[in-house]
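So this block is my_file39.cif, mmCIF, C-alpha atoms:
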```cif
data_target
#
loop_
_atom_site.label_atom_id
_atom_site.label_comp_id
_atom_site.auth_asym_id
_atom_site.auth_seq_id
_atom_site.Cartn_x
_atom_site.Cartn_y
_atom_site.Cartn_z
CA MET A 1419 -12.63 -5.04 -1.75
CA ALA A 1420 -10.05 -6.90 0.30
CA PRO A 1421 -8.66 -5.26 3.41
CA SER A 1422 -5.18 -3.84 3.02
CA GLN A 1423 -2.36 -6.11 3.98
CA LYS A 1424 -0.41 -5.68 7.18
CA LYS A 1425 2.81 -5.28 5.15
CA ARG A 1426 1.29 -2.28 3.37
CA SER A 1427 0.30 -0.71 6.69
CA LEU A 1428 3.81 -1.27 7.99
CA ALA A 1429 5.40 0.29 4.88
CA LYS A 1430 3.12 3.32 5.20
CA THR A 1431 4.02 3.55 8.89
CA LEU A 1432 7.75 3.55 8.17
CA SER A 1433 7.58 6.07 5.32
CA TRP A 1434 5.44 8.42 7.38
CA ARG A 1435 7.78 8.08 10.38
CA ILE A 1436 10.75 9.24 8.30
CA ILE A 1437 8.88 12.41 7.33
CA ALA A 1438 7.34 13.06 10.74
CA THR A 1439 10.53 12.40 12.72
CA SER A 1440 12.50 14.73 10.48
CA ASP A 1441 9.89 17.38 11.19
CA THR A 1442 10.04 16.73 14.94
CA PHE A 1443 13.85 16.90 14.92
CA LEU A 1444 13.83 20.20 12.99
CA ILE A 1445 11.22 21.82 15.25
CA SER A 1446 12.99 20.56 18.39
CA TRP A 1447 16.32 21.91 17.15
CA LEU A 1448 14.80 25.29 16.26
CA ILE A 1449 13.19 25.58 19.71
CA THR A 1450 16.10 24.28 21.84
CA GLY A 1451 19.03 25.21 19.61
CA ARG A 1452 20.70 21.93 20.56
CA PHE A 1453 21.18 18.91 18.32
CA ASP A 1454 21.45 16.52 21.28
CA PHE A 1455 18.08 17.56 22.71
CA ALA A 1456 16.48 17.47 19.26
CA GLY A 1457 17.91 13.98 18.68
CA ALA A 1458 16.64 12.73 22.04
CA ILE A 1459 13.16 14.10 21.44
CA ALA A 1460 13.03 12.70 17.89
CA GLY A 1461 14.39 9.33 19.08
CA ILE A 1462 11.69 8.88 21.70
CA GLU A 1463 9.00 10.17 19.39
CA VAL A 1464 9.85 7.82 16.53
CA VAL A 1465 9.26 4.70 18.62
CA THR A 1466 6.05 5.77 20.33
CA LYS A 1467 4.38 7.28 17.28
CA MET A 1468 5.28 4.42 14.95
CA PHE A 1469 3.51 2.02 17.30
CA LEU A 1470 0.50 4.32 17.68
CA TYR A 1471 0.22 4.96 13.92
CA TYR A 1472 0.32 1.23 13.14
CA LEU A 1473 -2.50 0.56 15.60
CA HIS A 1474 -4.44 3.51 14.17
CA GLU A 1475 -4.00 2.22 10.60
CA ARG A 1476 -5.10 -1.33 11.48
CA THR A 1477 -8.13 -0.03 13.38
CA TRP A 1478 -9.23 2.10 10.42
CA ASN A 1479 -8.76 -0.87 8.12
CA LYS A 1480 -11.48 -2.71 10.08
CA ILE A 1481 -13.97 0.16 9.75
CA GLN A 1482 -16.21 -0.23 6.68
CA TRP A 1483 -17.33 3.41 6.55
CA GLY A 1484 -16.14 5.13 3.38
CA LYS A 1485 -14.80 1.98 1.71
CA ASP A 1486 -15.78 0.94 -1.78
CA ASN A 1487 -17.10 -2.61 -1.32
CA THR A 1488 -17.84 -3.11 -5.00
CA ASP A 1489 -16.30 -6.23 -6.46
CA HIS A 1490 -14.14 -4.88 -9.27
CA PRO A 1491 -13.24 -7.62 -11.74
CA THR A 1492 -9.64 -7.75 -12.85
CA TYR A 1493 -8.51 -8.89 -16.25
CA ILE A 1494 -5.05 -9.80 -17.38
CA PHE A 1495 -5.80 -8.14 -20.71
CA PRO A 1496 -8.39 -5.37 -20.20
CA TYR A 1497 -8.96 -4.83 -23.90
CA GLU A 1498 -8.77 -6.90 -27.02
CA ASP A 1499 -6.60 -5.92 -29.95
CA TRP A 1500 -5.44 -8.03 -32.88
CA LYS A 1501 -2.42 -9.44 -31.00
CA VAL A 1502 -4.51 -10.58 -28.05
CA LYS A 1503 -7.09 -12.14 -30.38
CA ARG A 1504 -4.33 -13.93 -32.27
CA VAL A 1505 -2.85 -15.43 -29.09
CA ARG A 1506 -6.30 -16.51 -27.86
CA ASP A 1507 -7.11 -18.16 -31.20
CA TYR A 1508 -3.72 -19.92 -31.19
CA LEU A 1509 -4.26 -21.28 -27.68
CA GLU A 1510 -7.76 -22.50 -28.55
CA LYS A 1511 -6.50 -24.27 -31.70
CA LYS A 1512 -3.70 -25.99 -29.78
CA GLY A 1513 -6.15 -27.40 -27.25
CA ASN A 1514 -5.44 -24.94 -24.44
CA LYS A 1515 -9.00 -23.70 -24.16
CA ARG A 1516 -8.84 -23.55 -20.35
CA LEU A 1517 -5.75 -21.33 -20.48
CA ALA A 1518 -7.33 -19.14 -23.15
CA LYS A 1519 -10.49 -18.80 -21.06
CA PHE A 1520 -8.46 -18.01 -17.93
CA LEU A 1521 -6.42 -15.32 -19.68
CA PHE A 1522 -9.06 -13.69 -21.83
CA ASP A 1523 -12.50 -14.18 -20.25
#
```

Please express the file's structure as structure tokens.
Amino acid sequence: MAPSQKKRSLAKTLSWRIIATSDTFLISWLITGRFDFAGAIAGIEVVTKMFLYYLHERTWNKIQWGKDNTDHPTYIFPYEDWKVKRVRDYLEKKGNKRLAKFLFD
């Protein structure tokens, strides 16, 4: 299993930050009763925690514990029905055996 890409970690970081910062803003506003204080707290929090979460995510990506390391084969067509068989046979007849093998084996 390939490690997750850095772009995926970054996307997860950003989506989580939207949820978590909204929560922080709401709690800060309920406690202080002031939008400006809540905004300041949420603004500082969004920067620091986004950085920390990204580092946390990348560190966990390097840890093998709990990962499925089985090599799962992928197929373009996971099953064979009459249409798939017809296309494969057509490709083989036209001399595209390498393409047929790539797509269907």

To verify the selection step, state as a PDB file with C-alpha atoms, keeping the file's coordinate frame which residues the PyMOL selection byres ((chain A and resi 1458-1467) around 12) yields on this input.
```pdb
ATOM      1  CA  THR A1431       4.020   3.550   8.890  1.00  0.00           C
ATOM      2  CA  LEU A1432       7.750   3.550   8.170  1.00  0.00           C
ATOM      3  CA  SER A1433       7.580   6.070   5.320  1.00  0.00           C
ATOM      4  CA  TRP A1434       5.440   8.420   7.380  1.00  0.00           C
ATOM      5  CA  ARG A1435       7.780   8.080  10.380  1.00  0.00           C
ATOM      6  CA  ILE A1436      10.750   9.240   8.300  1.00  0.00           C
ATOM      7  CA  ILE A1437       8.880  12.410   7.330  1.00  0.00           C
ATOM      8  CA  ALA A1438       7.340  13.060  10.740  1.00  0.00           C
ATOM      9  CA  THR A1439      10.530  12.400  12.720  1.00  0.00           C
ATOM     10  CA  SER A1440      12.500  14.730  10.480  1.00  0.00           C
ATOM     11  CA  ASP A1441       9.890  17.380  11.190  1.00  0.00           C
ATOM     12  CA  THR A1442      10.040  16.730  14.940  1.00  0.00           C
ATOM     13  CA  PHE A1443      13.850  16.900  14.920  1.00  0.00           C
ATOM     14  CA  LEU A1444      13.830  20.200  12.990  1.00  0.00           C
ATOM     15  CA  ILE A1445      11.220  21.820  15.250  1.00  0.00           C
ATOM     16  CA  SER A1446      12.990  20.560  18.390  1.00  0.00           C
ATOM     17  CA  TRP A1447      16.320  21.910  17.150  1.00  0.00           C
ATOM     18  CA  ILE A1449      13.190  25.580  19.710  1.00  0.00           C
ATOM     19  CA  THR A1450      16.100  24.280  21.840  1.00  0.00           C
ATOM     20  CA  ARG A1452      20.700  21.930  20.560  1.00  0.00           C
ATOM     21  CA  PHE A1453      21.180  18.910  18.320  1.00  0.00           C
ATOM     22  CA  ASP A1454      21.450  16.520  21.280  1.00  0.00           C
ATOM     23  CA  PHE A1455      18.080  17.560  22.710  1.00  0.00           C
ATOM     24  CA  ALA A1456      16.480  17.470  19.260  1.00  0.00           C
ATOM     25  CA  GLY A1457      17.910  13.980  18.680  1.00  0.00           C
ATOM     26  CA  MET A1468       5.280   4.420  14.950  1.00  0.00           C
ATOM     27  CA  PHE A1469       3.510   2.020  17.300  1.00  0.00           C
ATOM     28  CA  LEU A1470       0.500   4.320  17.680  1.00  0.00           C
ATOM     29  CA  TYR A1471       0.220   4.960  13.920  1.00  0.00           C
ATOM     30  CA  TYR A1472       0.320   1.230  13.140  1.00  0.00           C
ATOM     31  CA  LEU A1473      -2.500   0.560  15.600  1.00  0.00           C
ATOM     32  CA  HIS A1474      -4.440   3.510  14.170  1.00  0.00           C
ATOM     33  CA  GLU A1475      -4.000   2.220  10.600  1.00  0.00           C
TER      34      GLU A1475
END
```

### Query
atom CA of A:Asp1507 and atom CA of A:Lys1519, how far apart in Å?
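If I compute the distance from atom CA of A:Lys1519 to atom CA of A:Asp1507, I get 10.7 Å.
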
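You will find atom CA of A:Tyr1508 at 12.7 Å from atom CA of A:Leu1521.
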
### Query
Which distance in Å separates atom CA of A:Arg1476 and atom CA of A:Leu1428, to one decimal?
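Computing it gives 9.6 Å between the two atoms.
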